[in-house]
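Asks: Sending over a structure as structure tokens; questions will come in a sec.
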Amino acid sequence: MMKKSAAKIISFILVLITLLGFGLGCGGGTEDNKNKIVLNVEYFDGGFGREWLENAAEEFEALYEDYTVGTKTGVVIELDGSRQTGQNVYDAYSLMNNEIFFTEQVLNYYDFVNKDYLLDISDIMTEVIAEQGHSIESVMDEELKQFYGVEENGETHYYAIPQASSFCGLIYDEEFFFNNGLFLTKEYDNVAQGTVINPGSAYIIGNIKNKNSNGKYYSLVTEDGQAYYKTAADENGNTYYLSMGPDGEYGTYDDGQPATYEEFFRLCHYMKTYKNIYPFIMMGDGAGYIDWFLDQLFADYEGKGEALKNFTFEGQAKNLISVDESGNITKLPAVTLNPEEKGDNAMITKSAGRYYALKFYENMVKGGAGGWLHPDWNRNSSQFDAQLDFMLSIKTGETKAAFLIDGVWWEEESKTNFKNLESAYGEKYKKENRHFKLFSLPKASKELVGTERVVMDTGYYASFILNSIAEEKVEIAKKFLQYCYTDAKNKEFTMITGVPRGFTYELSDEEYASMSTFGQSIWDMVRSGNATIMYPQSTSKYYLDRVRALQPGMYFYTKVNNMSYDNIQEVIEEKNISAEQAFNGIYLYQESRY
Amino acid sequence: MTGSNVIIKKTKISKRTKKLIFCLALIILPLIQFAIFYIGVNLNSIRMAFVEFEGYDDAVGKIVWFENFKTVFVEMTTLANWPIMVKNSFGIWILGLVTKTPLTILISYFIYKNARIGGVFKVILFAPSIVSVMVTVMLYEYFIDTAVPELLESSFGIIMEVGFFKSPSLRFWTIFFYGFWCGFGTSLLLYTNAMDAISPSVVEASHLDGVGYMQEFWYVTMPMIFPTFKTLIMVGSAGLLLDQFYLYEFYGMKAYTDIQTVGYYIFKETMLVNATGYPRIAAMGIIITCVAVPFALLIRYLMNKVDPMEG
């Protein structure tokens, strides 16, 4: 009897808990929120963090506290971090609880549009925002406008807004480079490619530990009408003029950096052999960072015009080659591309840029006695581990890494690492006191020095409102989205994350100074005319039919000896397959997918 | 009754109808779900194997009959990944069969016989099944990749040059062990339940005949739980070509080629194509079903042969 009653009580409690769960799940927050309009916003919980969005939400709530719809007054913005990419949202559209999304890898924008999943936001794109005197559309990058503006019945409609320009690259610590004497001098510009760099040679700076009176390790000087970057004095009292870098000009942001692959790997050899510094560190091989990095080398080699043909499939692919086992290159005739159908489109995978990117990677992995990769890379390490190892390079006794291969979002992503290091080792490790910068990628050959620098935005970040949003929320949701893309918010986004957006806006000197040196280096690169951003997408039917198969993350998937590989690290590092074999295999792999 | 009074005639619902309504209410949702997510999805997959989509906005497609099968067949017979993937899929299943299955049955028996720490076993082995896979994957990854190398170094002076998940000789076994650890839960529960259902009088009778623990296990328990054992083996054999072996959780889209399974490959390929690529995957699915079904039937035949109750 007693047992029966106990069972009844337990069953009752369980039922109560279940119902309570339902109640909490469906109730919709606090009593206060029930009288307000709640906007459910989902953001990709990755490298951009949430600070920028929190700020925008807070300000917007205050701005619209008197906004009334029906019986509800005021707005509450609920932020929900997730790791759902554009593809995930698309696949699970009907299960989505959130209404507004800020996420990455929205490769499938046109799939969304085609299925009518997204709210038409053309009005907020074209409306002139009173505070700034222009619309979002008017300051949007032309290429992005072409892609996001969907032509329907002779009118342009927008369903999403591109969120940020993101790409991978080489990250270095400028202070570490000066302290350890790792920049090239002007003298190295005048010698033959491949000249060895020895300690004490005139081609490399000495260890510079003290700054000039301007608070920097270098000053911009003009001699004989030519601007140069001249270093502060090294330990022996010597000063140096820095080399011209890949842009082929003195007195610019990339001075002192190797201009070509050859020079770059000479520097790697120098730092590993004489300074015991491992050139590279990066995360394990799961996330495809290395593919995104190689995409940058590819795009930079090809130039924007040629690289874009991999997405537009218009005109002729001119940069095609074949390579034999010994690395002898034969130029192939140009191939006419077809933006509608398959045709010979797969031939574009034979573009020289892919080969040179693979060659660079092969050098990275196999070059140097004992390897050029930081020993910790061997682990199945996360990006956070790699970032931490890289940040610890200035600590005595730690294994040092010169370059971190990561995305422009890394600093924001590594916030916790910065805090932990600061609390463990002091102020020196504070984010504001570090001098991280984006390294300029070298050019494949001397002839290409000075050609345009291209970076490929492989993040596909975009924001949109789902069409399933309740009617009463439509207006305010649009207003919020618009608010997030005002000039002021675009600037704030850049200042917080260091990452630029695909809109025209300027930063004042104070705003620029408020960014980390890393953020400043990105801004310098993409906004000072030093680099062109390329958006790897187009509206050609051929591309839209195959967006997943044509994504840049798959550019180095290859088939060698009838074995297909999705992991270029496995190919080059483990299977010992040469760059030449891997390059020739790309076409074999992609032929059926293109 | 006159004037504005309305006569309400109560229709009496019979007890039988009430029961029927109750039963219908219980099964209608699962039935709809079954119709949409099993029958509908599978019919659509079969249809898809015979069509070709013109583009991303083409929802209907054009019938191409066996073209997709031809493409997949050529791929399966020429791509060197396939023999490796098939070997891995069958290998993992067989390994599980000879290691995990006997161990699960023994542990279940241990628990069934109210061994002193049987409950502890139950919790430890069942826990991974109720925790999210991503959580156990992260725990396992961290433990194996960080803690184990540290322990090896500090205790035995062994320095791991390459991590467990990367090492060509260890990565297969590292993942297999995870599957081993995490795969106990459901079958453990089914076996213990089947054992609990054995009539105590049968067990008592065997004890009166002087049967010991191991004899009881072999001559009483095993025959009585054989239907459960058979079912689990058959279900496993039918799904072995779809098992992705937790590779996506550990390696994302970049699992090493030597540890990939057929299930992982299909999953990965589906992620890498647009709607235009789905017909190829659908044809692949049908071909795999054509292999899996006879295999599952063969296993059923063999299991029936050894089933003590069938004899």
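Order determines the names: the first chain of the structure tokens is A, the second B, and so forth; residues in each chain are numbered 1 upward, and ligands are numbered 1 upward as they are shown.
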Using only C-alpha atoms, find which residues of chain A lie within 9 Å of chain B and jot them down as a VMD selection string.
Replies: chain A and resid 110 to 111 114 to 115 285 to 288 375 378 to 381 541 to 542 544 to 549 554 559 561 to 567 570 574 593
Asks: Could you write out that same residue set with N, CA and C atoms as a tab-separated table (two decimals), in the first residue's frame?
Replies:
chain	number	residue	atom	x	y	z
A	110	TYR	N	20.70	31.71	-52.47
A	110	TYR	CA	19.66	31.57	-53.51
A	110	TYR	C	18.75	30.36	-53.27
A	111	ASP	N	19.23	29.37	-52.54
A	111	ASP	CA	18.36	28.25	-52.16
A	111	ASP	C	17.29	28.77	-51.20
A	114	ASN	N	14.90	30.89	-53.21
A	114	ASN	CA	14.08	30.05	-54.07
A	114	ASN	C	12.97	29.34	-53.31
A	115	LYS	N	13.26	28.98	-52.08
A	115	LYS	CA	12.26	28.28	-51.25
A	115	LYS	C	11.35	29.26	-50.51
A	285	ASP	N	43.57	19.31	-38.14
A	285	ASP	CA	43.12	19.35	-39.53
A	285	ASP	C	41.62	19.19	-39.75
A	286	GLY	N	40.82	19.41	-38.73
A	286	GLY	CA	39.38	19.19	-38.90
A	286	GLY	C	38.61	20.31	-39.59
A	287	ALA	N	38.96	21.53	-39.28
A	287	ALA	CA	38.06	22.62	-39.68
A	287	ALA	C	38.31	23.19	-41.06
A	288	GLY	N	39.38	22.79	-41.69
A	288	GLY	CA	39.61	23.27	-43.04
A	288	GLY	C	40.27	24.64	-43.11
A	375	PRO	N	55.87	21.83	-33.12
A	375	PRO	CA	55.62	20.44	-32.72
A	375	PRO	C	54.19	20.20	-32.23
A	378	ASN	N	51.15	18.65	-34.34
A	378	ASN	CA	50.89	17.23	-34.51
A	378	ASN	C	49.68	16.75	-33.73
A	379	ARG	N	49.35	17.48	-32.71
A	379	ARG	CA	48.20	17.06	-31.91
A	379	ARG	C	46.91	17.38	-32.66
A	380	ASN	N	45.86	16.77	-32.15
A	380	ASN	CA	44.55	17.03	-32.72
A	380	ASN	C	44.04	18.35	-32.12
A	381	SER	N	44.90	19.36	-32.20
A	381	SER	CA	44.64	20.57	-31.41
A	381	SER	C	43.55	21.45	-32.01
A	541	LYS	N	23.87	30.52	-63.35
A	541	LYS	CA	23.07	29.33	-63.09
A	541	LYS	C	23.97	28.14	-62.76
A	542	TYR	N	25.07	28.04	-63.50
A	542	TYR	CA	25.97	26.92	-63.29
A	542	TYR	C	26.50	26.89	-61.86
A	544	LEU	N	25.11	28.43	-59.17
A	544	LEU	CA	24.03	28.25	-58.20
A	544	LEU	C	23.56	26.79	-58.12
A	545	ASP	N	23.72	26.08	-59.22
A	545	ASP	CA	23.35	24.66	-59.20
A	545	ASP	C	24.32	23.82	-58.37
A	546	ARG	N	25.51	24.38	-58.14
A	546	ARG	CA	26.56	23.56	-57.51
A	546	ARG	C	27.29	24.29	-56.40
A	547	VAL	N	26.63	25.18	-55.71
A	547	VAL	CA	27.35	26.02	-54.74
A	547	VAL	C	28.17	25.21	-53.75
A	548	ARG	N	27.65	24.09	-53.32
A	548	ARG	CA	28.40	23.32	-52.31
A	548	ARG	C	29.66	22.70	-52.92
A	549	ALA	N	29.51	22.14	-54.11
A	549	ALA	CA	30.65	21.49	-54.74
A	549	ALA	C	31.71	22.50	-55.19
A	554	MET	N	36.76	23.43	-50.92
A	554	MET	CA	36.98	22.14	-51.59
A	554	MET	C	37.97	22.24	-52.75
A	559	LYS	N	42.36	13.55	-56.18
A	559	LYS	CA	42.26	12.11	-56.40
A	559	LYS	C	43.60	11.64	-56.97
A	561	ASN	N	46.04	8.18	-57.59
A	561	ASN	CA	46.01	6.72	-57.69
A	561	ASN	C	44.60	6.17	-57.40
A	562	ASN	N	43.64	6.82	-57.96
A	562	ASN	CA	42.23	6.41	-57.81
A	562	ASN	C	41.69	6.52	-56.40
A	563	MET	N	42.41	7.18	-55.56
A	563	MET	CA	41.98	7.35	-54.17
A	563	MET	C	41.61	8.83	-54.01
A	564	SER	N	40.41	9.10	-53.53
A	564	SER	CA	40.06	10.51	-53.38
A	564	SER	C	40.30	10.97	-51.95
A	565	TYR	N	40.79	12.17	-51.82
A	565	TYR	CA	41.15	12.75	-50.52
A	565	TYR	C	40.45	14.09	-50.32
A	566	ASP	N	39.92	14.29	-49.11
A	566	ASP	CA	39.29	15.57	-48.78
A	566	ASP	C	40.19	16.40	-47.87
A	567	ASN	N	41.31	15.83	-47.51
A	567	ASN	CA	42.14	16.48	-46.51
A	567	ASN	C	43.54	16.65	-47.08
A	570	GLU	N	46.45	15.40	-45.09
A	570	GLU	CA	46.70	13.95	-45.18
A	570	GLU	C	47.49	13.65	-46.45
A	574	GLU	N	51.03	13.19	-44.81
A	574	GLU	CA	51.07	11.79	-44.40
A	574	GLU	C	51.34	10.82	-45.54
A	593	ARG	N	32.06	16.37	-60.46
A	593	ARG	CA	31.25	17.28	-59.63
A	593	ARG	C	30.98	18.60	-60.32
Asks: Residues at most 9 Å from Lys309 of chain A, counting only C-alpha atoms, excluding those fewer than 6 positions away in the same chain, as a ChimeraX atom specification?
Replies: /A:315-317,337,348
Asks: Do a neighbour search on segment 521-523 of chain A at 8 Å with only C-alpha atoms, toss out local chain neighbours closer than 2 positions, and write the hits as JSON, numbers by chain.
Replies: {"A": [408, 437, 438, 498, 499, 500, 517, 518, 519, 525, 526, 527, 528]}
Asks: Give me, as a PyMOL selection string, all polymer residues having an atom no more than 10 Å from Gly47 of chain A, counting only C-alpha atoms and skipping those fewer than 3 positions away in the same chain.
Replies: chain A and resi 44+50+166+407-415+497
Asks: Taking the backbone alone, and naming residues the way the document does, which bits of segment 83-236 of chain B are helix (DSSP H, G or I) by DSSP, as a PyMOL selection string?
Replies: chain B and resi 83-112+118-130+133-156+171-182+184-196+200-208+213-236
Asks: Have a look at A:Leu79, A:Ala470, A:Ile9, A:Leu170 and name the one nearest to Glu58 of chain A; count only C-alpha atoms.
Replies: A:Leu79
Asks: Report as number ranges by chain: the residues of segment 3-196 of chain B with a DSSP assignment of strand (DSSP E or B), based on the backbone of this structure.
Replies: B: 51-52, 62-63
Asks: Next, dump the selected residues to file, keeping only C-alpha atoms, as a PDB file, in the first residue's frame.
Replies:
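Generated file (result.pdb):
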ATOM      1  CA  VAL B  51      15.961  11.362 -62.018  1.00  0.00           C
ATOM      2  CA  GLU B  52      18.313  14.196 -62.778  1.00  0.00           C
ATOM      3  CA  LYS B  62      13.878  14.584 -65.415  1.00  0.00           C
ATOM      4  CA  ILE B  63      13.769  10.784 -65.537  1.00  0.00           C
TER       5      ILE B  63
END
Asks: Quick one: residues within 8 Å of Ile105 of chain B, only C-alpha atoms counted, chain neighbours fewer than 3 positions away excluded, as a PyMOL selection string?
Replies: chain B and resi 101-102+108-109+188+191
Asks: Could you give me, as a PyMOL selection string, the residues within 7 Å of Gly585 of chain A, counting only C-alpha atoms and dropping anything in the same chain fewer than 3 positions from it?
Replies: chain A and resi 558-560+581-582+588-589
Asks: Of the residues A:Asn97, A:Asn417, A:Asn179, A:Ser326, which is the one nearest to His435 of chain A, using only C-alpha atoms?
Replies: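 The closest residue to His435 of chain A is A:Asn179.
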Asks: Report as a PyMOL selection string all protein, DNA and RNA residues lying within 9 Å of Asp141 of chain A, evaluated on only C-alpha atoms, omitting residues in the same chain fewer than 6 positions from it.
Replies: chain A and resi 502-504
Asks: Keeping only all heavy atoms, write the selected residues as a CSV table (one decimal), in the first residue's frame.
Replies:
chain,number,residue,atom,x,y,z
A,502,GLY,N,31.5,44.8,-45.8
A,502,GLY,CA,31.5,45.1,-47.3
A,502,GLY,C,30.7,46.4,-47.6
A,502,GLY,O,29.9,46.4,-48.5
A,503,PHE,N,30.9,47.4,-46.8
A,503,PHE,CA,30.2,48.7,-47.0
A,503,PHE,C,31.3,49.8,-47.0
A,503,PHE,O,32.3,49.6,-46.4
A,503,PHE,CB,29.2,48.9,-45.9
A,503,PHE,CG,28.1,47.9,-45.8
A,503,PHE,CD1,28.3,46.8,-45.0
A,503,PHE,CD2,27.0,47.9,-46.7
A,503,PHE,CE1,27.3,45.8,-44.9
A,503,PHE,CE2,26.0,46.9,-46.6
A,503,PHE,CZ,26.2,45.8,-45.7
A,504,THR,N,30.9,50.9,-47.6
A,504,THR,CA,31.8,52.0,-47.5
A,504,THR,C,31.6,52.8,-46.2
A,504,THR,O,30.5,53.3,-46.0
A,504,THR,CB,31.6,53.0,-48.7
A,504,THR,OG1,31.7,52.2,-49.9
A,504,THR,CG2,32.6,54.1,-48.8
Asks: Measure the distance from atom CA of Pro339 of chain A to atom CA of Pro552 of chain A in Å and round it to one decimal.
Replies: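 Computing it gives 17.6 Å between the two atoms.
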Asks: Calculate how many Å separate atom CA of Lys478 of chain A from atom CA of Glu78 of chain A, rounding to one decimal.
Replies: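 Here the two named atoms are 15.3 Å from each other.
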Asks: Using only C-alpha atoms, which residue out of B:Val203, B:Leu241, B:Tyr246, B:Pro279 lies closest to Lys87 of chain B?
Replies: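 Ranked by minimum distance to Lys87 of chain B, first place goes to B:Leu241.
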Asks: What separation in Å, quoted to one decimal, exists between atom CA of Asn153 of chain A and atom CA of Tyr93 of chain A?
Replies: 26.3 Å
